[in-house]
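Chemist: Contents are mmCIF, C-alpha atoms; file name final-v1.cif:
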```
data_run
#
loop_
_atom_site.label_atom_id
_atom_site.label_comp_id
_atom_site.auth_asym_id
_atom_site.auth_seq_id
_atom_site.Cartn_x
_atom_site.Cartn_y
_atom_site.Cartn_z
CA MET A 1 15.68 -5.23 -60.48
CA VAL A 2 19.41 -5.18 -61.02
CA VAL A 3 21.82 -6.56 -58.42
CA SER A 4 25.29 -5.13 -58.79
CA HIS A 5 28.57 -5.72 -57.01
CA ASN A 6 31.64 -4.07 -58.53
CA GLU A 7 30.28 -4.16 -62.08
CA GLY A 8 32.07 -1.03 -63.32
CA ASP A 9 30.87 0.28 -66.69
CA ASN A 10 28.80 -2.86 -67.25
CA LEU A 11 26.17 -1.49 -64.90
CA ARG A 12 25.77 1.81 -66.74
CA ARG A 13 25.44 0.04 -70.10
CA THR A 14 22.88 -2.38 -68.65
CA ILE A 15 20.76 0.44 -67.25
CA HIS A 16 20.77 2.32 -70.57
CA SER A 17 19.72 -0.85 -72.38
CA LEU A 18 16.86 -1.55 -69.97
CA LEU A 19 15.63 2.04 -70.06
CA ALA A 20 15.24 1.93 -73.84
CA GLY A 21 12.55 -0.74 -73.52
CA LEU A 22 11.07 0.20 -70.16
CA PRO A 23 7.37 1.19 -70.08
CA ALA A 24 6.61 4.79 -69.13
CA ASP A 25 5.35 3.70 -65.71
CA GLY A 26 8.22 1.28 -65.13
CA GLU A 27 11.01 1.58 -62.60
CA ILE A 28 14.50 0.16 -62.24
CA ILE A 29 15.80 -0.65 -58.79
CA VAL A 30 19.54 -1.17 -58.54
CA VAL A 31 20.63 -3.05 -55.45
CA ASP A 32 24.21 -1.97 -54.83
CA ASP A 33 25.39 -5.03 -52.94
CA CYS A 34 28.30 -3.36 -51.11
CA SER A 35 30.28 -2.36 -54.21
CA THR A 36 33.68 -0.76 -53.64
CA ASP A 37 34.31 0.47 -57.19
CA GLY A 38 31.93 3.46 -57.18
CA SER A 39 30.01 1.98 -60.13
CA THR A 40 26.59 3.17 -58.92
CA ALA A 41 27.65 6.80 -58.48
CA CYS A 42 26.72 7.61 -62.08
CA LEU A 43 23.10 6.67 -61.32
CA ASN A 44 22.53 8.82 -58.26
CA ASP A 45 19.67 11.28 -58.98
CA ARG A 46 20.39 11.12 -62.71
CA TYR A 47 17.35 9.15 -63.90
CA ALA A 48 13.83 9.78 -62.62
CA ASN A 49 12.83 6.13 -62.83
CA VAL A 50 16.07 4.57 -61.53
CA ALA A 51 16.56 4.13 -57.78
CA VAL A 52 19.69 2.84 -56.07
CA VAL A 53 19.26 1.03 -52.76
CA ARG A 54 22.12 -0.07 -50.57
CA PRO A 55 21.76 -2.81 -47.96
CA GLY A 56 23.88 -2.52 -44.85
CA GLU A 57 25.73 -5.78 -45.50
CA ARG A 58 26.73 -7.98 -48.42
CA LEU A 59 23.67 -10.06 -49.25
CA GLY A 60 24.58 -12.15 -52.29
CA VAL A 61 22.34 -12.66 -55.30
CA ALA A 62 19.27 -14.33 -53.75
CA ARG A 63 18.94 -12.08 -50.70
CA ALA A 64 19.78 -8.94 -52.69
CA ARG A 65 17.01 -9.74 -55.16
CA ASN A 66 14.58 -10.21 -52.30
CA PHE A 67 15.77 -6.91 -50.82
CA GLY A 68 15.03 -5.11 -54.08
CA GLY A 69 11.80 -6.98 -54.71
CA GLN A 70 10.39 -5.85 -51.38
CA ARG A 71 10.87 -2.24 -52.48
CA ALA A 72 9.38 -2.57 -55.95
CA LYS A 73 5.99 -1.11 -56.82
CA GLY A 74 5.25 -2.77 -60.16
CA GLN A 75 3.00 -5.76 -60.80
CA MET A 76 5.69 -7.52 -62.87
CA LEU A 77 9.09 -7.95 -61.28
CA VAL A 78 12.05 -8.53 -63.59
CA PHE A 79 15.32 -9.66 -62.05
CA CYS A 80 18.43 -9.32 -64.16
CA ASP A 81 22.21 -9.29 -63.95
CA ALA A 82 24.16 -6.06 -64.21
CA HIS A 83 25.94 -7.16 -67.40
CA VAL A 84 23.21 -7.69 -70.00
CA ALA A 85 21.82 -5.96 -73.09
CA ALA A 86 18.07 -6.07 -73.75
CA PRO A 87 16.25 -5.42 -77.05
CA LEU A 88 13.42 -2.95 -77.57
CA GLY A 89 10.06 -4.47 -76.67
CA TRP A 90 11.46 -6.84 -74.06
CA ALA A 91 9.05 -5.75 -71.31
CA ALA A 92 5.85 -6.04 -73.35
CA ALA A 93 6.73 -9.50 -74.68
CA LEU A 94 7.57 -10.86 -71.23
CA ALA A 95 4.43 -9.31 -69.72
CA ALA A 96 2.26 -10.92 -72.40
CA ALA A 97 3.73 -14.35 -71.73
CA LEU A 98 3.44 -13.91 -67.97
CA SER A 99 -0.27 -13.11 -68.31
CA GLN A 100 -1.00 -16.55 -69.74
CA GLU A 101 -2.80 -18.99 -67.47
CA GLY A 102 -0.44 -21.16 -65.44
CA ALA A 103 2.70 -19.11 -66.07
CA GLY A 104 4.73 -18.62 -62.92
CA ALA A 105 7.94 -17.16 -64.34
CA VAL A 106 9.09 -16.24 -67.83
CA GLY A 107 12.49 -15.70 -69.32
CA PRO A 108 14.09 -14.87 -72.69
CA ALA A 109 16.58 -16.61 -74.91
CA ILE A 110 20.13 -15.88 -73.73
CA SER A 111 23.02 -15.21 -76.10
CA ALA A 112 26.69 -14.65 -75.36
CA MET A 113 27.38 -10.92 -75.63
CA HIS A 114 30.65 -11.33 -77.53
CA ASN A 115 29.64 -14.50 -79.37
CA PRO A 116 25.95 -14.02 -80.26
CA GLN A 117 25.59 -17.19 -82.32
CA HIS A 118 25.90 -19.09 -79.04
CA LYS A 119 22.38 -19.08 -77.60
CA GLY A 120 20.44 -20.94 -74.97
CA TYR A 121 16.69 -21.39 -74.62
CA GLY A 122 16.26 -22.42 -71.01
CA MET A 123 18.25 -25.04 -69.16
CA ARG A 124 18.11 -28.55 -67.75
CA TRP A 125 20.19 -30.60 -65.35
CA ALA A 126 22.51 -32.90 -67.25
CA ASP A 127 23.55 -35.40 -64.57
CA ALA A 128 23.55 -36.35 -60.91
CA ALA A 129 26.17 -33.67 -60.23
CA LEU A 130 23.51 -31.13 -61.26
CA ASN A 131 25.63 -29.73 -64.07
CA LEU A 132 23.54 -27.54 -66.35
CA ASP A 133 22.99 -27.84 -70.10
CA TRP A 134 21.51 -25.12 -72.28
CA LEU A 135 18.53 -26.15 -74.38
CA GLY A 136 18.07 -25.45 -78.07
CA LEU A 137 15.15 -23.65 -79.70
CA GLN A 138 11.95 -25.70 -79.50
CA GLY A 139 9.36 -23.31 -80.95
CA GLN A 140 8.60 -19.77 -82.06
CA THR A 141 5.98 -19.00 -79.41
CA PRO A 142 6.39 -19.18 -75.61
CA TYR A 143 6.73 -22.73 -74.26
CA PRO A 144 7.63 -24.45 -70.96
CA VAL A 145 11.23 -25.31 -70.03
CA PRO A 146 12.61 -27.06 -66.94
CA LEU A 147 14.80 -24.22 -65.67
CA LEU A 148 15.04 -20.53 -66.50
CA CYS A 149 18.31 -18.65 -66.39
CA GLY A 150 18.37 -16.20 -63.52
CA CYS A 151 20.30 -13.59 -65.49
CA PHE A 152 16.90 -12.32 -66.73
CA ILE A 153 13.69 -13.66 -65.20
CA ALA A 154 10.24 -12.17 -64.60
CA LEU A 155 7.48 -13.03 -62.11
CA ARG A 156 4.20 -11.48 -61.07
CA ARG A 157 4.64 -9.50 -57.90
CA GLU A 158 1.82 -11.29 -56.09
CA LEU A 159 3.34 -14.70 -56.81
CA PHE A 160 6.82 -13.57 -55.83
CA VAL A 161 5.44 -12.47 -52.46
CA ALA A 162 3.33 -15.61 -52.04
CA ILE A 163 6.25 -18.00 -52.53
CA GLY A 164 8.67 -15.95 -50.43
CA GLY A 165 10.92 -14.89 -53.30
CA PHE A 166 14.33 -16.45 -53.83
CA ASP A 167 15.66 -18.80 -51.18
CA PRO A 168 17.36 -16.51 -48.65
CA GLY A 169 19.62 -19.30 -47.41
CA LEU A 170 21.65 -19.45 -50.61
CA VAL A 171 25.06 -17.84 -50.22
CA VAL A 172 26.69 -15.31 -52.58
CA TRP A 173 25.88 -16.94 -55.93
CA GLY A 174 24.70 -20.24 -57.35
CA CYS A 175 21.47 -22.29 -57.68
CA GLU A 176 19.10 -19.36 -57.04
CA ASP A 177 17.53 -19.66 -60.51
CA SER A 178 17.37 -23.46 -60.53
CA GLU A 179 15.90 -23.62 -57.04
CA LEU A 180 13.24 -21.04 -57.88
CA SER A 181 12.33 -22.80 -61.13
CA LEU A 182 11.98 -26.17 -59.40
CA ARG A 183 9.92 -24.66 -56.57
CA LEU A 184 7.55 -23.05 -59.06
CA TRP A 185 7.07 -26.23 -61.06
CA THR A 186 6.32 -28.33 -57.95
CA ARG A 187 3.73 -25.74 -56.93
CA ASP A 188 2.07 -26.08 -60.35
CA TYR A 189 3.43 -22.88 -61.90
CA ALA A 190 5.12 -23.16 -65.28
CA CYS A 191 8.49 -21.69 -66.20
CA VAL A 192 8.05 -20.33 -69.72
CA LEU A 193 10.67 -19.45 -72.32
CA VAL A 194 9.87 -16.48 -74.57
CA PRO A 195 11.95 -17.12 -77.71
CA GLU A 196 11.14 -13.81 -79.42
CA VAL A 197 13.11 -11.94 -76.73
CA GLU A 198 16.88 -12.40 -76.81
CA ILE A 199 19.04 -11.00 -74.03
CA ALA A 200 22.78 -10.69 -74.55
CA HIS A 201 24.68 -11.71 -71.42
CA LEU A 202 28.33 -11.11 -70.63
CA PHE A 203 29.78 -14.49 -69.73
CA ARG A 204 33.04 -13.97 -67.86
CA PRO A 205 35.83 -16.39 -67.01
CA THR A 206 35.93 -15.01 -63.45
CA HIS A 207 33.57 -13.08 -61.20
CA PRO A 208 34.30 -9.56 -59.95
CA TYR A 209 33.98 -11.06 -56.48
CA ARG A 210 35.25 -14.18 -54.76
CA VAL A 211 33.20 -17.35 -55.24
CA ASP A 212 34.73 -20.50 -53.81
CA TRP A 213 33.80 -24.15 -54.22
CA GLU A 214 32.60 -24.43 -50.64
CA VAL A 215 29.84 -21.93 -51.37
CA LEU A 216 28.84 -23.60 -54.64
CA ILE A 217 28.80 -27.06 -53.05
CA TYR A 218 26.79 -25.76 -50.10
CA ASN A 219 24.21 -24.14 -52.37
CA THR A 220 23.87 -27.38 -54.35
CA LEU A 221 23.52 -29.44 -51.17
CA ARG A 222 20.98 -26.98 -49.78
CA MET A 223 18.81 -27.10 -52.89
CA ALA A 224 18.95 -30.90 -53.03
CA THR A 225 18.14 -31.20 -49.32
CA MET A 226 15.14 -28.91 -49.61
CA HIS A 227 13.62 -30.53 -52.70
CA PHE A 228 14.83 -34.05 -53.44
CA GLY A 229 13.59 -37.39 -52.20
CA PRO A 230 15.91 -39.71 -50.23
CA ASP A 231 17.31 -41.72 -53.17
CA ARG A 232 18.06 -38.70 -55.35
CA LEU A 233 19.49 -36.79 -52.41
CA ARG A 234 21.85 -39.67 -51.61
CA ARG A 235 23.08 -39.70 -55.22
CA ILE A 236 23.74 -35.95 -55.15
CA VAL A 237 25.61 -36.18 -51.84
CA ALA A 238 27.64 -39.17 -53.02
CA GLY A 239 28.67 -37.28 -56.14
CA LEU A 240 29.94 -34.34 -54.10
CA THR A 241 31.82 -36.15 -51.33
CA THR A 242 34.98 -36.38 -53.42
CA ARG A 243 35.30 -32.58 -53.57
CA SER A 244 37.89 -31.20 -51.16
CA ASN A 245 35.48 -28.52 -49.93
CA PHE A 246 32.68 -30.98 -49.18
CA PRO A 247 33.28 -31.27 -45.40
CA ALA A 248 33.15 -27.50 -44.89
CA ALA A 249 30.09 -27.20 -47.14
CA PHE A 250 28.34 -30.04 -45.31
CA ALA A 251 29.12 -28.45 -41.96
CA ARG A 252 27.59 -25.21 -43.22
CA LEU A 253 24.52 -27.15 -44.34
CA ALA A 254 24.17 -28.84 -40.94
CA ASP A 255 24.18 -25.42 -39.30
CA SER A 256 21.52 -24.02 -41.64
CA ASP A 257 17.74 -24.08 -41.77
CA ALA A 258 17.71 -26.39 -44.81
CA TRP A 259 15.78 -29.21 -43.12
CA ALA A 260 13.15 -26.87 -41.69
CA ARG A 261 12.76 -25.29 -45.11
CA ARG A 262 12.47 -28.77 -46.64
CA GLN A 263 9.44 -29.47 -44.44
CA GLN A 264 7.84 -26.19 -45.47
CA ILE A 265 8.46 -26.74 -49.19
CA HIS A 266 7.16 -30.31 -49.10
CA ALA A 267 4.03 -29.19 -47.27
CA GLU A 268 3.28 -26.49 -49.85
CA ARG A 269 4.05 -28.27 -53.11
CA LEU A 270 1.60 -30.21 -55.27
CA TYR A 271 4.16 -32.39 -57.06
CA ASP A 272 7.40 -33.98 -55.90
CA ASP A 273 10.81 -33.84 -57.52
CA SER A 274 10.33 -37.22 -59.23
CA TRP A 275 7.31 -35.79 -61.09
CA PHE A 276 9.45 -32.88 -62.24
CA PHE A 277 12.30 -35.08 -63.50
CA ARG A 278 9.87 -37.40 -65.31
CA ARG A 279 8.09 -34.41 -66.83
CA PHE A 280 11.27 -33.28 -68.53
CA GLY A 281 12.94 -36.62 -69.20
CA MET A 282 15.73 -36.15 -66.67
CA ASP A 283 15.49 -39.53 -64.93
CA ASN A 284 19.29 -39.82 -65.03
CA VAL A 285 19.58 -37.13 -62.37
#
```
Can you turn what I pasted into structure tokens?
Modeler:
Amino acid sequence: MVVSHNEGDNLRRTIHSLLAGLPADGEIIVVDDCSTDGSTACLNDRYANVAVVRPGERLGVARARNFGGQRAKGQMLVFCDAHVAAPLGWAAALAAALSQEGAGAVGPAISAMHNPQHKGYGMRWADAALNLDWLGLQGQTPYPVPLLCGCFIALRRELFVAIGGFDPGLVVWGCEDSELSLRLWTRDYACVLVPEVEIAHLFRPTHPYRVDWEVLIYNTLRMATMHFGPDRLRRIVAGLTTRSNFPAAFARLADSDAWARRQQIHAERLYDDSWFFRRFGMDNV
């Protein structure tokens, strides 16, 4: 499942890379999220196992992934960015890890496409501002990590449907991978890093679309509101109030379904956020 918005030649290269390791019965769904650069035209009717779907409005990452996921037929759903390079054997290795008992989502090591010695093996929150740190290698076989990077993440179809996919209230981009990882952990599903698979990701100084601080602050506030207990939520809010876009982001939050979704998430989970932070030694958050 590849979500693309004005990715240019990156999309074509990503599709070719994925096809090289795709099983014979696999499919690639490209969600063209209202691109204006014609980047998906090269895919139309060219590949038997590549389908391009076009929503009627701009959805953003989380909703576009749900849009594509609802149209997928496979038992393993892999969501990836439109600017990655995958090695041969990626699908089989991720499927094997996902078949292990307790695994909810799996993801590969991530390297910088133009600086491959820079690698990350899962992520964690570094502080109360929810800044992210990449983790180093912790083993040669699949092992649990706090957060998986959403640039390449796989789930079983049945679980994806059962949990309702990515949070549809997140706007444009930001927090969709962290929120999903946290939701899985608190429902007793592990997020597993598969170190033998390394995906090269194009890290860019700017996005090919507009992402402003109001959106990023809103997404952070939404995730914290849905998942965190009162004390941790107060710390997160206090850390964001100094941002100039905070009032607009908070107003957007107040007009959202975040509190109703919080009630649903808390009713369905087996562990709270404090358990998660203790589990991974992130009590400073």
Chemist: Could you pull the residues within 7 Å of range 168-175 of chain A, counting all atoms listed in the file, minus those fewer than 5 positions along the same chain, as an MDAnalysis selection string?
Modeler: chainID A and resid 59:63 215:216 219:220
Chemist: How would you write, as a list of chain:residue names, the residues chosen by the PyMOL selection byres ((chain A and resi 230-232) around 10) on this structure?
Modeler: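 Applying the PyMOL selection byres ((chain A and resi 230-232) around 10) to the structure shown produces A:Ala128, A:Ala224, A:Thr225, A:His227, A:Phe228, A:Gly229, A:Leu233, A:Arg234, A:Arg235, A:Ile236, A:Val237, A:Ala238, A:Asp273, A:Ser274, A:Asp283, A:Asn284, A:Val285.
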Chemist: CA of Glu198 in chain A and CA of Leu147 in chain A, how far apart in Å?
Modeler: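 So the two atoms, CA of Leu147 in chain A and CA of Glu198 in chain A, lie 16.4 Å apart.
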Chemist: Which residue is closest to Glu101 in chain A? Choose from A:Met1, A:Leu180, A:Ala190, A:Leu253 and count all atoms listed in the file.
Modeler: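 Of all the options, A:Ala190 lies closest to Glu101 in chain A.
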Chemist: Go through A:Ala258, A:Leu18, A:Ile217, A:Ile28 one by one, measure the shortest atom-to-atom distance of each to Asn245 in chain A using all atoms listed in the file, and give the residue with the smallest value.
Modeler: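 Smallest separation from Asn245 in chain A among the options: A:Ile217.
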Chemist: I want to know what sits within 9 Å of Arg187 in chain A, based on all atoms listed in the file, with residues of the same chain fewer than 5 positions away left out; could you give that as an MDAnalysis selection string?
Modeler: chainID A and resid 182 268:271
Chemist: I need the residue nearest Ala86 in chain A from this list: A:Ala200, A:Ile153, A:Val31, A:Val2. Use all atoms listed in the file for the distance.
Modeler: A:Ala200
Chemist: Quick one: apply the PyMOL selection byres ((chain A and resi 27) around 6) to the file and drop the selected residues here as a ChimeraX atom specification.
Modeler: /A:26,28,49-50
Chemist: Just so the selection is clear, what residues does the PyMOL selection byres ((chain A and resi 75-83) around 9) cover here, as a ChimeraX atom specification?
Modeler: /A:1-5,7,9-15,30,65,69,72-74,84-85,91,95,98,150-158,160,200-203
Chemist: In Å, rounded to a single decimal, give me how far CA of Met282 in chain A is from CA of Gly239 in chain A.
Modeler: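 Separation of CA of Gly239 in chain A and CA of Met282 in chain A: 16.7 Å.
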Chemist: Find, counting all atoms listed in the file, the residue in A:Asn6, A:Ser17, A:Ser178, A:Thr141 that gets nearest to Thr40 in chain A.
Modeler: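 The shortest atom-to-atom distance to Thr40 in chain A comes from A:Asn6.
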Chemist: Would you mind telling me which residue in A:Gly104, A:Pro146, A:Pro205, A:Gly56 lies nearest to Trp275 in chain A when using all atoms listed in the file?
Modeler: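 Smallest distance to Trp275 in chain A is found for A:Pro146.
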Chemist: Nearest to His114 in chain A: which of A:Arg204, A:Arg252, A:Arg278, A:Arg58 is it, counting only C-alpha atoms?
Modeler: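 So, comparing all the options, the nearest one is A:Arg204.
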Chemist: Residues within 9 Å of Ala109 in chain A, please, as number ranges by chain. Count all atoms listed in the file; anything in the same chain fewer than 4 positions from it doesn't count.
Modeler: A: 119-122, 137, 149, 193-200
Chemist: Just add N, CA and C atoms to range 22-57 of chain A and send it as a PDB file, keeping the file's coordinate frame.
Modeler:
```
ATOM      1  N   LEU A  22      11.884   0.155 -71.376  1.00  0.00           N
ATOM      2  CA  LEU A  22      11.070   0.200 -70.160  1.00  0.00           C
ATOM      3  C   LEU A  22       9.775   0.955 -70.418  1.00  0.00           C
ATOM      4  N   PRO A  23       8.632   0.442 -69.951  1.00  0.00           N
ATOM      5  CA  PRO A  23       7.370   1.190 -70.080  1.00  0.00           C
ATOM      6  C   PRO A  23       7.448   2.520 -69.342  1.00  0.00           C
ATOM      7  N   ALA A  24       6.583   3.454 -69.729  1.00  0.00           N
ATOM      8  CA  ALA A  24       6.610   4.790 -69.130  1.00  0.00           C
ATOM      9  C   ALA A  24       6.400   4.762 -67.628  1.00  0.00           C
ATOM     10  N   ASP A  25       5.617   3.779 -67.148  1.00  0.00           N
ATOM     11  CA  ASP A  25       5.350   3.700 -65.710  1.00  0.00           C
ATOM     12  C   ASP A  25       6.266   2.698 -65.014  1.00  0.00           C
ATOM     13  N   GLY A  26       7.307   2.257 -65.704  1.00  0.00           N
ATOM     14  CA  GLY A  26       8.220   1.280 -65.130  1.00  0.00           C
ATOM     15  C   GLY A  26       9.272   1.924 -64.236  1.00  0.00           C
ATOM     16  N   GLU A  27       9.940   1.115 -63.466  1.00  0.00           N
ATOM     17  CA  GLU A  27      11.010   1.580 -62.600  1.00  0.00           C
ATOM     18  C   GLU A  27      12.153   0.568 -62.629  1.00  0.00           C
ATOM     19  N   ILE A  28      13.339   1.035 -62.378  1.00  0.00           N
ATOM     20  CA  ILE A  28      14.500   0.160 -62.240  1.00  0.00           C
ATOM     21  C   ILE A  28      15.082   0.378 -60.857  1.00  0.00           C
ATOM     22  N   ILE A  29      15.169  -0.694 -60.103  1.00  0.00           N
ATOM     23  CA  ILE A  29      15.800  -0.650 -58.790  1.00  0.00           C
ATOM     24  C   ILE A  29      17.150  -1.333 -58.884  1.00  0.00           C
ATOM     25  N   VAL A  30      18.188  -0.612 -58.565  1.00  0.00           N
ATOM     26  CA  VAL A  30      19.540  -1.170 -58.540  1.00  0.00           C
ATOM     27  C   VAL A  30      19.905  -1.438 -57.085  1.00  0.00           C
ATOM     28  N   VAL A  31      20.167  -2.693 -56.775  1.00  0.00           N
ATOM     29  CA  VAL A  31      20.630  -3.050 -55.450  1.00  0.00           C
ATOM     30  C   VAL A  31      22.158  -3.069 -55.492  1.00  0.00           C
ATOM     31  N   ASP A  32      22.755  -2.048 -54.903  1.00  0.00           N
ATOM     32  CA  ASP A  32      24.210  -1.970 -54.830  1.00  0.00           C
ATOM     33  C   ASP A  32      24.662  -2.831 -53.657  1.00  0.00           C
ATOM     34  N   ASP A  33      25.084  -4.047 -53.973  1.00  0.00           N
ATOM     35  CA  ASP A  33      25.390  -5.030 -52.940  1.00  0.00           C
ATOM     36  C   ASP A  33      26.824  -4.825 -52.429  1.00  0.00           C
ATOM     37  N   CYS A  34      27.013  -3.688 -51.748  1.00  0.00           N
ATOM     38  CA  CYS A  34      28.300  -3.360 -51.110  1.00  0.00           C
ATOM     39  C   CYS A  34      29.443  -3.270 -52.117  1.00  0.00           C
ATOM     40  N   SER A  35      29.207  -2.592 -53.246  1.00  0.00           N
ATOM     41  CA  SER A  35      30.280  -2.360 -54.210  1.00  0.00           C
ATOM     42  C   SER A  35      31.339  -1.446 -53.606  1.00  0.00           C
ATOM     43  N   THR A  36      32.566  -1.622 -54.076  1.00  0.00           N
ATOM     44  CA  THR A  36      33.680  -0.760 -53.640  1.00  0.00           C
ATOM     45  C   THR A  36      34.301  -0.013 -54.805  1.00  0.00           C
ATOM     46  N   ASP A  37      33.712  -0.140 -55.998  1.00  0.00           N
ATOM     47  CA  ASP A  37      34.310   0.470 -57.190  1.00  0.00           C
ATOM     48  C   ASP A  37      33.619   1.766 -57.617  1.00  0.00           C
ATOM     49  N   GLY A  38      32.620   2.221 -56.850  1.00  0.00           N
ATOM     50  CA  GLY A  38      31.930   3.460 -57.180  1.00  0.00           C
ATOM     51  C   GLY A  38      31.060   3.376 -58.423  1.00  0.00           C
ATOM     52  N   SER A  39      30.720   2.165 -58.856  1.00  0.00           N
ATOM     53  CA  SER A  39      30.010   1.980 -60.130  1.00  0.00           C
ATOM     54  C   SER A  39      28.582   2.516 -60.122  1.00  0.00           C
ATOM     55  N   THR A  40      27.966   2.658 -58.956  1.00  0.00           N
ATOM     56  CA  THR A  40      26.590   3.170 -58.920  1.00  0.00           C
ATOM     57  C   THR A  40      26.528   4.687 -58.809  1.00  0.00           C
ATOM     58  N   ALA A  41      27.658   5.338 -58.659  1.00  0.00           N
ATOM     59  CA  ALA A  41      27.650   6.800 -58.480  1.00  0.00           C
ATOM     60  C   ALA A  41      27.051   7.519 -59.677  1.00  0.00           C
ATOM     61  N   CYS A  42      27.237   6.960 -60.876  1.00  0.00           N
ATOM     62  CA  CYS A  42      26.720   7.610 -62.080  1.00  0.00           C
ATOM     63  C   CYS A  42      25.203   7.587 -62.149  1.00  0.00           C
ATOM     64  N   LEU A  43      24.549   6.798 -61.281  1.00  0.00           N
ATOM     65  CA  LEU A  43      23.100   6.670 -61.320  1.00  0.00           C
ATOM     66  C   LEU A  43      22.407   7.552 -60.295  1.00  0.00           C
ATOM     67  N   ASN A  44      23.136   8.048 -59.333  1.00  0.00           N
ATOM     68  CA  ASN A  44      22.530   8.820 -58.260  1.00  0.00           C
ATOM     69  C   ASN A  44      21.825  10.078 -58.784  1.00  0.00           C
ATOM     70  N   ASP A  45      20.501  10.110 -58.626  1.00  0.00           N
ATOM     71  CA  ASP A  45      19.670  11.280 -58.980  1.00  0.00           C
ATOM     72  C   ASP A  45      19.766  11.664 -60.459  1.00  0.00           C
ATOM     73  N   ARG A  46      20.232  10.774 -61.299  1.00  0.00           N
ATOM     74  CA  ARG A  46      20.390  11.120 -62.710  1.00  0.00           C
ATOM     75  C   ARG A  46      19.170  10.727 -63.530  1.00  0.00           C
ATOM     76  N   TYR A  47      18.502   9.648 -63.145  1.00  0.00           N
ATOM     77  CA  TYR A  47      17.350   9.150 -63.900  1.00  0.00           C
ATOM     78  C   TYR A  47      16.132   9.124 -62.973  1.00  0.00           C
ATOM     79  N   ALA A  48      15.030   9.672 -63.458  1.00  0.00           N
ATOM     80  CA  ALA A  48      13.830   9.780 -62.620  1.00  0.00           C
ATOM     81  C   ALA A  48      13.273   8.415 -62.238  1.00  0.00           C
ATOM     82  N   ASN A  49      13.420   7.437 -63.112  1.00  0.00           N
ATOM     83  CA  ASN A  49      12.830   6.130 -62.830  1.00  0.00           C
ATOM     84  C   ASN A  49      13.872   5.067 -62.480  1.00  0.00           C
ATOM     85  N   VAL A  50      15.038   5.483 -62.014  1.00  0.00           N
ATOM     86  CA  VAL A  50      16.070   4.570 -61.530  1.00  0.00           C
ATOM     87  C   VAL A  50      16.387   4.915 -60.079  1.00  0.00           C
ATOM     88  N   ALA A  51      16.253   3.930 -59.208  1.00  0.00           N
ATOM     89  CA  ALA A  51      16.560   4.130 -57.780  1.00  0.00           C
ATOM     90  C   ALA A  51      17.675   3.179 -57.370  1.00  0.00           C
ATOM     91  N   VAL A  52      18.611   3.671 -56.604  1.00  0.00           N
ATOM     92  CA  VAL A  52      19.690   2.840 -56.070  1.00  0.00           C
ATOM     93  C   VAL A  52      19.447   2.624 -54.591  1.00  0.00           C
ATOM     94  N   VAL A  53      19.418   1.365 -54.174  1.00  0.00           N
ATOM     95  CA  VAL A  53      19.260   1.030 -52.760  1.00  0.00           C
ATOM     96  C   VAL A  53      20.493   0.270 -52.305  1.00  0.00           C
ATOM     97  N   ARG A  54      20.877   0.493 -51.085  1.00  0.00           N
ATOM     98  CA  ARG A  54      22.120  -0.070 -50.570  1.00  0.00           C
ATOM     99  C   ARG A  54      21.866  -0.775 -49.242  1.00  0.00           C
ATOM    100  N   PRO A  55      21.898  -2.095 -49.230  1.00  0.00           N
ATOM    101  CA  PRO A  55      21.760  -2.810 -47.960  1.00  0.00           C
ATOM    102  C   PRO A  55      22.974  -2.552 -47.071  1.00  0.00           C
ATOM    103  N   GLY A  56      22.809  -2.794 -45.795  1.00  0.00           N
ATOM    104  CA  GLY A  56      23.880  -2.520 -44.850  1.00  0.00           C
ATOM    105  C   GLY A  56      24.958  -3.568 -44.786  1.00  0.00           C
ATOM    106  N   GLU A  57      24.753  -4.695 -45.481  1.00  0.00           N
ATOM    107  CA  GLU A  57      25.730  -5.780 -45.500  1.00  0.00           C
ATOM    108  C   GLU A  57      25.679  -6.471 -46.852  1.00  0.00           C
TER     109      GLU A  57
END
```
